[in-house]
Structure formats: C-alpha cells, structure tokens
file upload.cif (mmCIF, C-alpha atoms)
data_input
loop_
_atom_site.group_PDB
_atom_site.id
_atom_site.type_symbol
_atom_site.label_atom_id
_atom_site.label_comp_id
_atom_site.auth_asym_id
_atom_site.auth_seq_id
_atom_site.Cartn_x
_atom_site.Cartn_y
_atom_site.Cartn_z
ATOM 1 C CA LYS A 1 11.102 19.675 86.011
ATOM 2 C CA MET A 2 8.747 16.741 85.671
ATOM 3 C CA ILE A 3 9.582 13.475 83.968
ATOM 4 C CA PHE A 4 6.727 12.021 81.945
ATOM 5 C CA GLU A 5 8.372 9.204 80.034
ATOM 6 C CA LYS A 6 9.078 5.709 81.319
ATOM 7 C CA LYS A 7 9.668 3.473 78.334
ATOM 8 C CA PHE A 8 12.011 5.932 76.639
ATOM 9 C CA LEU A 9 14.044 7.109 79.615
ATOM 10 C CA PHE A 10 17.242 5.518 78.324
ATOM 11 C CA THR A 11 16.268 4.395 74.828
ATOM 12 C CA LEU A 12 16.345 6.816 71.912
ATOM 13 C CA VAL A 13 13.192 6.381 69.862
ATOM 14 C CA ASP A 14 13.561 5.605 66.148
ATOM 15 C CA GLU A 15 11.895 7.610 63.405
ATOM 16 C CA LYS A 16 9.219 4.996 62.710
ATOM 17 C CA SER A 17 8.105 4.911 66.346
ATOM 18 C CA ALA A 18 8.326 8.660 66.981
ATOM 19 C CA LEU A 19 5.274 10.868 67.415
ATOM 20 C CA LYS A 20 4.233 12.574 64.181
ATOM 21 C CA GLY A 21 3.639 16.036 65.588
ATOM 22 C CA ARG A 22 1.803 18.748 63.665
ATOM 23 C CA GLU A 23 2.189 21.269 60.869
ATOM 24 C CA LYS A 24 1.477 24.346 62.982
ATOM 25 C CA SER A 25 4.517 25.785 64.731
ATOM 26 C CA ILE A 26 4.599 27.173 68.246
ATOM 27 C CA THR A 27 4.256 30.955 68.409
ATOM 28 C CA VAL A 28 6.708 32.851 70.606
ATOM 29 C CA SER A 29 7.316 36.492 71.393
ATOM 30 C CA THR A 30 9.810 38.105 69.034
ATOM 31 C CA ASN A 31 11.185 40.364 71.785
ATOM 32 C CA HIS A 32 14.138 38.951 73.695
ATOM 33 C CA LEU A 33 13.781 39.963 77.342
ATOM 34 C CA PHE A 34 17.504 39.790 78.088
ATOM 35 C CA PHE A 35 19.082 41.243 74.959
ATOM 36 C CA GLN A 36 16.182 43.567 74.189
ATOM 37 C CA ASN A 37 16.229 42.822 70.488
ATOM 38 C CA ARG A 38 14.190 40.707 68.103
ATOM 39 C CA ILE A 39 14.966 37.001 68.249
ATOM 40 C CA ASP A 40 14.541 36.830 64.474
ATOM 41 C CA ALA A 41 16.801 39.797 63.760
ATOM 42 C CA ASP A 42 19.413 39.689 61.006
ATOM 43 C CA PHE A 43 22.670 40.617 62.708
ATOM 44 C CA GLY A 44 24.721 40.809 59.536
ATOM 45 C CA GLN A 45 27.486 38.884 57.817
ATOM 46 C CA ASN A 46 29.378 38.018 61.022
ATOM 47 C CA GLN A 47 26.399 36.187 62.509
ATOM 48 C CA GLU A 48 26.799 32.483 63.312
ATOM 49 C CA GLN A 49 24.459 30.022 64.982
ATOM 50 C CA ILE A 50 24.961 26.759 66.852
ATOM 51 C CA CYS A 51 22.481 24.657 68.867
ATOM 52 C CA PHE A 52 23.630 23.274 72.215
ATOM 53 C CA GLY A 53 21.980 20.687 74.433
ATOM 54 C CA ALA A 54 23.316 20.424 77.985
ATOM 55 C CA GLY A 55 20.364 19.457 80.136
ATOM 56 C CA CYS A 56 17.469 21.685 81.184
ATOM 57 C CA PHE A 57 17.468 24.531 78.690
ATOM 58 C CA TRP A 58 16.470 27.204 81.213
ATOM 59 C CA GLY A 59 19.890 27.320 82.863
ATOM 60 C CA VAL A 60 21.811 26.570 79.679
ATOM 61 C CA GLU A 61 20.334 29.634 77.989
ATOM 62 C CA LYS A 62 21.331 31.875 80.892
ATOM 63 C CA ARG A 63 24.961 30.751 80.733
ATOM 64 C CA PHE A 64 25.236 31.937 77.143
ATOM 65 C CA TRP A 65 23.886 35.384 78.045
ATOM 66 C CA GLU A 66 27.095 35.918 80.018
ATOM 67 C CA ILE A 67 29.310 35.752 76.913
ATOM 68 C CA HIS A 68 30.229 39.054 75.277
ATOM 69 C CA GLY A 69 29.519 38.642 71.578
ATOM 70 C CA VAL A 70 26.423 36.484 71.950
ATOM 71 C CA LEU A 71 23.609 38.357 70.220
ATOM 72 C CA SER A 72 20.544 36.250 70.918
ATOM 73 C CA THR A 73 19.353 32.916 72.287
ATOM 74 C CA SER A 74 16.206 30.831 71.936
ATOM 75 C CA VAL A 75 15.243 27.593 73.643
ATOM 76 C CA GLY A 76 13.692 24.736 71.742
ATOM 77 C CA TYR A 77 13.871 21.175 70.548
ATOM 78 C CA ALA A 78 16.139 19.535 67.960
ATOM 79 C CA GLY A 79 17.865 16.329 66.999
ATOM 80 C CA GLY A 80 14.755 14.184 66.724
ATOM 81 C CA PHE A 81 11.881 13.416 64.398
ATOM 82 C CA THR A 82 8.607 14.921 65.619
ATOM 83 C CA GLU A 83 7.456 18.022 63.759
ATOM 84 C CA ASN A 84 6.642 21.029 65.959
ATOM 85 C CA PRO A 85 6.612 19.033 69.211
ATOM 86 C CA THR A 86 5.169 20.214 72.501
ATOM 87 C CA TYR A 87 7.096 20.207 75.751
ATOM 88 C CA GLU A 88 4.994 17.316 77.048
ATOM 89 C CA GLU A 89 5.743 15.285 73.918
ATOM 90 C CA VAL A 90 9.480 15.907 74.210
ATOM 91 C CA CYS A 91 9.344 14.882 77.878
ATOM 92 C CA SER A 92 7.630 11.640 76.880
ATOM 93 C CA GLY A 93 10.821 10.532 75.138
ATOM 94 C CA GLN A 94 8.837 9.741 71.999
ATOM 95 C CA THR A 95 10.090 12.577 69.769
ATOM 96 C CA GLY A 96 13.834 11.889 69.651
ATOM 97 C CA HIS A 97 14.466 15.565 70.391
ATOM 98 C CA THR A 98 16.655 16.995 73.100
ATOM 99 C CA GLU A 99 16.239 20.336 74.842
ATOM 100 C CA VAL A 100 18.530 22.828 73.127
ATOM 101 C CA VAL A 101 19.510 26.469 73.034
ATOM 102 C CA LEU A 102 20.020 28.141 69.674
ATOM 103 C CA VAL A 103 22.917 30.548 70.182
ATOM 104 C CA THR A 104 23.447 33.433 67.768
ATOM 105 C CA PHE A 105 26.816 35.141 68.061
ATOM 106 C CA ASP A 106 29.052 37.643 66.279
ATOM 107 C CA ASN A 107 32.205 35.833 65.158
ATOM 108 C CA SER A 108 34.070 39.142 64.872
ATOM 109 C CA VAL A 109 33.544 39.743 68.601
ATOM 110 C CA VAL A 110 33.746 36.277 70.144
ATOM 111 C CA ASP A 111 35.708 33.291 68.886
ATOM 112 C CA ILE A 112 33.804 30.042 68.474
ATOM 113 C CA ASN A 113 36.212 28.392 70.918
ATOM 114 C CA LYS A 114 34.975 30.699 73.695
ATOM 115 C CA ILE A 115 31.432 29.536 73.029
ATOM 116 C CA ILE A 116 32.547 25.911 73.040
ATOM 117 C CA LYS A 117 34.512 26.328 76.277
ATOM 118 C CA VAL A 118 31.415 27.574 78.115
ATOM 119 C CA PHE A 119 29.395 24.657 76.748
ATOM 120 C CA TRP A 120 31.826 21.946 77.849
ATOM 121 C CA GLU A 121 32.377 23.422 81.301
ATOM 122 C CA MET A 122 28.713 24.114 82.150
ATOM 123 C CA HIS A 123 27.612 20.470 82.246
ATOM 124 C CA ASP A 124 28.771 16.866 82.529
ATOM 125 C CA PRO A 125 28.913 15.472 78.985
ATOM 126 C CA THR A 126 29.548 11.915 80.175
ATOM 127 C CA GLN A 127 26.103 11.195 81.607
ATOM 128 C CA GLY A 128 24.310 9.909 78.527
ATOM 129 C CA PHE A 129 20.547 10.331 78.658
ATOM 130 C CA ARG A 130 20.476 12.525 81.727
ATOM 131 C CA GLN A 131 21.953 15.570 83.373
ATOM 132 C CA GLY A 132 22.059 15.264 87.132
ATOM 133 C CA ASN A 133 18.579 14.555 88.464
ATOM 134 C CA ASP A 134 17.010 15.328 85.093
ATOM 135 C CA VAL A 135 16.641 11.925 83.472
ATOM 136 C CA GLY A 136 15.617 11.106 79.922
ATOM 137 C CA THR A 137 16.767 11.238 76.318
ATOM 138 C CA GLN A 138 15.654 14.873 76.094
ATOM 139 C CA TYR A 139 18.462 15.853 78.476
ATOM 140 C CA ARG A 140 21.311 14.361 76.451
ATOM 141 C CA SER A 141 24.375 16.404 75.585
ATOM 142 C CA ALA A 142 24.437 17.566 71.969
ATOM 143 C CA ILE A 143 25.832 20.083 69.516
ATOM 144 C CA TYR A 144 24.022 20.752 66.246
ATOM 145 C CA TYR A 145 25.971 22.981 63.896
ATOM 146 C CA SER A 146 24.440 25.193 61.221
ATOM 147 C CA LYS A 147 27.487 25.437 58.942
ATOM 148 C CA LYS A 148 29.649 22.571 57.743
ATOM 149 C CA GLU A 149 32.710 24.708 58.442
ATOM 150 C CA GLN A 150 31.932 24.465 62.167
ATOM 151 C CA GLU A 151 32.073 20.671 62.221
ATOM 152 C CA HIS A 152 35.843 20.208 62.454
ATOM 153 C CA VAL A 153 36.372 22.591 65.369
ATOM 154 C CA LEU A 154 33.471 21.038 67.274
ATOM 155 C CA ILE A 155 34.688 17.465 66.812
ATOM 156 C CA SER A 156 38.238 18.504 67.736
ATOM 157 C CA SER A 157 36.952 20.188 70.887
ATOM 158 C CA LYS A 158 35.188 16.992 71.913
ATOM 159 C CA LYS A 159 38.406 14.997 71.494
ATOM 160 C CA ASN A 160 40.363 17.595 73.447
ATOM 161 C CA TYR A 161 37.915 17.620 76.333
ATOM 162 C CA GLN A 162 37.788 13.830 76.366
ATOM 163 C CA LYS A 163 41.539 13.776 77.009
ATOM 164 C CA THR A 164 41.104 16.207 79.895
ATOM 165 C CA LEU A 165 38.306 14.121 81.405
ATOM 166 C CA ILE A 166 40.314 10.889 81.107
ATOM 167 C CA ARG A 167 43.202 12.487 82.980
ATOM 168 C CA ALA A 168 40.714 13.458 85.695
ATOM 169 C CA GLY A 169 39.369 9.916 85.923
ATOM 170 C CA LYS A 170 36.044 10.766 84.273
ATOM 171 C CA GLY A 171 34.086 8.713 81.765
ATOM 172 C CA GLU A 172 33.441 8.825 78.034
ATOM 173 C CA VAL A 173 31.937 11.912 76.430
ATOM 174 C CA THR A 174 28.521 11.001 75.030
ATOM 175 C CA THR A 175 27.844 14.327 73.307
ATOM 176 C CA GLU A 176 26.393 13.878 69.825
ATOM 177 C CA ILE A 177 27.638 16.273 67.160
ATOM 178 C CA LYS A 178 25.780 16.575 63.880
ATOM 179 C CA GLN A 179 24.335 19.073 61.442
ATOM 180 C CA LEU A 180 21.205 20.854 62.630
ATOM 181 C CA GLY A 181 18.059 19.619 60.939
ATOM 182 C CA THR A 182 15.153 21.752 62.139
ATOM 183 C CA PHE A 183 15.112 23.856 65.284
ATOM 184 C CA TYR A 184 11.640 23.979 66.822
ATOM 185 C CA PHE A 185 10.867 26.784 69.266
ATOM 186 C CA ALA A 186 9.809 25.732 72.744
ATOM 187 C CA GLU A 187 6.667 27.283 74.190
ATOM 188 C CA ASP A 188 6.816 30.986 74.986
ATOM 189 C CA TYR A 189 6.879 30.479 78.761
ATOM 190 C CA HIS A 190 10.180 28.619 78.378
ATOM 191 C CA GLN A 191 11.849 31.474 76.485
ATOM 192 C CA GLN A 192 14.187 33.522 78.724
ATOM 193 C CA TYR A 193 12.681 31.606 81.634
ATOM 194 C CA LEU A 194 15.220 32.802 84.187
ATOM 195 C CA VAL A 195 14.507 36.442 83.328
ATOM 196 C CA LYS A 196 10.819 35.832 83.984
ATOM 197 C CA ASN A 197 11.597 33.667 87.037
ATOM 198 C CA PRO A 198 14.922 34.844 88.553
ATOM 199 C CA ASN A 199 14.800 32.207 91.279
ATOM 200 C CA GLY A 200 13.676 29.472 88.919
ATOM 201 C CA TYR A 201 15.048 25.957 88.597
ATOM 202 C CA CYS A 202 18.609 25.597 87.357
ATOM 203 C CA ALA A 203 20.544 22.434 88.165
ATOM 204 C CA LEU A 204 23.554 22.841 85.877
ATOM 205 C CA GLN A 205 26.703 21.325 87.299
ATOM 206 C CA GLY A 206 29.893 20.735 85.383
ATOM 207 C CA THR A 207 32.667 18.227 85.923
ATOM 208 C CA GLY A 208 35.045 20.769 87.418
ATOM 209 C CA CYS A 209 37.428 20.166 84.513
ATOM 210 C CA LYS A 210 38.551 23.169 82.499
ATOM 211 C CA TYR A 211 38.402 23.087 78.742
ATOM 212 C CA VAL A 212 41.687 24.013 77.074
ATOM 213 C CA ASP A 213 41.647 24.670 73.349
ATOM 214 C CA GLY A 214 44.084 22.783 71.239
#
call {"tool": "encode", "arguments": {"input": "upload.cif", "output": "structure tokens"}}
result
Amino acid sequence: KMIFEKKFLFTLVDEKSALKGREKSITVSTNHLFFQNRIDADFGQNQEQICFGAGCFWGVEKRFWEIHGVLSTSVGYAGGFTENPTYEEVCSGQTGHTEVVLVTFDNSVVDINKIIKVFWEMHDPTQGFRQGNDVGTQYRSAIYYSKKEQEHVLISSKKNYQKTLIRAGKGEVTTEIKQLGTFYFAEDYHQQYLVKNPNGYCALQGTGCKYVDG
C-alpha cells in the first residue's frame, strides 16, 4: 500500500478544501467472487447494511466473509466529501473519505452484535489516522450506519469496548460513528482483492482485547 499524501496525513480535510470529484461513478463487476451472488442483489426484508472502516479494506473485507449470515461485501470510500473519488485521490488525503467495507447481512441469521464484535477485535481503534504501518486519514476507524435504529447499539458497543481497553491499559477509541452519506465503490481491482490475490497484503492486527457485549 502506497502513501501519496503528505499535508493531510494527520489532518482531516474540510469540505471547502476537498477535491470535487466527478459525476461518473466507478464501474465494478456485479458478480461477487466469494459469495457467488450479485453484489446488488435484494436479499429480502431481513437484509441490513453497515459500513466499516478498519484500515486497509482488502483484509477487512475478508474478515467479514468468515461470518455466517453475511450475504455480501463491497469495498469503497465513505465519510468524506469528494464525489466518486479514485483510489489515488483518497490516498492523497484530500477527499475526507476513509477506506470502508459495506457489509450486507441477514439479521435473522446473525445478530448485529456478532458483526460488531468482529469489527472491534480485527483492528486497533485507538490509532487515529492510521492502522499499523498504513498512515493517513483514509485509514481511520469508522462505522457508518444505514438505519437510525442501528445507532444506539453501535454507540453502546464503542463505550463497552472503551472500558475493556482502559482496563488493558490501552488508549482512547477514536472510531467515528455516524449515518452513512454516500458509499462510493472502489475500483474493480480492489473488490474481493484477497480472492484474486490469495497471498496479497493484509496487515490487520487487533489489540488482543476481546469484545464483550453489554
């Protein structure tokens, strides 16, 4: 993973200063190589979606494949200002976006708390604008919910995990939690990257602290 930005490594760009982007969206394959379904499929009334940012989205996406009840995933950009950004623009730090994974799951099969547990444990949410050796605002920890009803459980989970981290002598959770604005697909070569490149880069490393609901 290359780092292109310098000025915006540790400073989140404001809307006025952000790149404007473009009207045309990025085109991606509709076939999911892991789940073998369409990424734009309608999975019915039990379908829920949440966007998670936990560092490089290649490895983050793979972690969610391991959860029974997850129906589909897509990698992309969210949380910022630039319309239909490119990977290079996001890496410049001038879009305000972070790398995210849009997770679609069946709430009749998997409880939202199981999804949240995997998220908290897969990365270190205390690192601010970085995740390990990946440095920049685009690697910040984030949760963007699609339904207002999800907000309370997500905020509560953050408070719960903060208590666990404090007991372990860790720092403050910097994860931002807010309603999803627009999810922009990342380029097609990023989608299901670790299916296409089984030995590809994945530097996810958690804190070693278990998340306990409640």
call {"tool": "resolve_selection", "arguments": {"input": "upload.cif", "expression": "the PyMOL selection byres ((chain A and resi 19) around 12)", "output": "PyMOL selection string"}}
result
chain A and resi 13-18+20-22+80-86+88-97
call {"tool": "resolve_selection", "arguments": {"input": "upload.cif", "expression": "the PyMOL selection byres ((chain A and resi 181-194) around 8)", "output": "PyMOL selection string"}}
result
chain A and resi 25-29+32-34+58-59+61-62+74-79+83-87+102+179-180+195-200
call {"tool": "residues_around", "arguments": {"input": "upload.cif", "residues": "Asp134 of chain A", "least_positions_apart": "2", "cutoff": "12 Å", "atoms": "all atoms listed in the file", "output": "list in words"}}
result
Lys1, Met2, Ile3, Phe4, Glu5, Leu9, Phe10, Ala54, Gly55, Cys56, Phe57, Cys91, Glu99, Gln127, Gly128, Phe129, Arg130, Gln131, Gly132, Gly136, Thr137, Gln138, Tyr139, Arg140, Tyr201, Cys202, Ala203, Leu204 and Gln205 of chain A
call {"tool": "residues_around", "arguments": {"input": "upload.cif", "residues": "Lys159 of chain A", "least_positions_apart": "4", "cutoff": "12 Å", "atoms": "only C-alpha atoms", "output": "PyMOL selection string"}}
result
chain A and resi 120+152-155+163-166+172-175+177+211-214
call {"tool": "closest_residue", "arguments": {"input": "upload.cif", "among": "A:Thr11, A:Asn113, A:Ser141, A:Thr104", "to": "Phe52 of chain A", "atoms": "only C-alpha atoms"}}
result
A:Ser141
call {"tool": "closest_residue", "arguments": {"input": "upload.cif", "among": "A:Thr126, A:Phe64, A:Asp40, A:Gln45", "to": "Ser108 of chain A", "atoms": "all atoms listed in the file"}}
result
A:Gln45
call {"tool": "closest_residue", "arguments": {"input": "upload.cif", "among": "A:Glu66, A:Val60, A:Arg38, A:Phe43", "to": "His123 of chain A", "atoms": "all atoms listed in the file"}}
result
A:Val60
call {"tool": "residues_near_point", "arguments": {"input": "upload.cif", "point": "(26.3, 34.6, 67.0)", "cutoff": "7 Å", "atoms": "all atoms listed in the file", "output": "list in words"}}
result
Gln47, Glu48, Gln49, Gly69, Val70, Leu71, Val103, Thr104, Phe105, Asp106 and Asn107 of chain A
call {"tool": "closest_residue", "arguments": {"input": "upload.cif", "among": "A:Trp65, A:Ile116, A:Pro125, A:Thr73", "to": "Ser156 of chain A", "atoms": "all atoms listed in the file"}}
result
A:Ile116
call {"tool": "closest_residue", "arguments": {"input": "upload.cif", "among": "A:Tyr144, A:Glu151, A:Asn46, A:Asn160", "to": "Asp111 of chain A", "atoms": "all atoms listed in the file"}}
result
A:Asn46
call {"tool": "residues_around", "arguments": {"input": "upload.cif", "residues": "Gly206 of chain A", "least_positions_apart": "4", "cutoff": "6 Å", "atoms": "only C-alpha atoms", "output": "list in words"}}
result
Glu121, Met122, His123 and Asp124 of chain A
call {"tool": "write_last_selection", "arguments": {"input": "upload.cif", "atoms": "C-alpha atoms", "output": "short mmCIF file (atom, residue, chain, number, x, y, z; two decimals), in the frame of the given file"}}
result
data_model
loop_
_atom_site.label_atom_id
_atom_site.label_comp_id
_atom_site.auth_asym_id
_atom_site.auth_seq_id
_atom_site.Cartn_x
_atom_site.Cartn_y
_atom_site.Cartn_z
CA GLU A 121 32.38 23.42 81.30
CA MET A 122 28.71 24.11 82.15
CA HIS A 123 27.61 20.47 82.25
CA ASP A 124 28.77 16.87 82.53
#
call {"tool": "atom_distance", "arguments": {"input": "upload.cif", "atom1": "atom CA of Leu12 of chain A", "atom2": "atom CA of Glu176 of chain A"}}
result
12.5 Å
call {"tool": "closest_residue", "arguments": {"input": "upload.cif", "among": "A:Val110, A:Ile50, A:Cys209, A:Ala41", "to": "Tyr161 of chain A", "atoms": "all atoms listed in the file"}}
result
A:Cys209
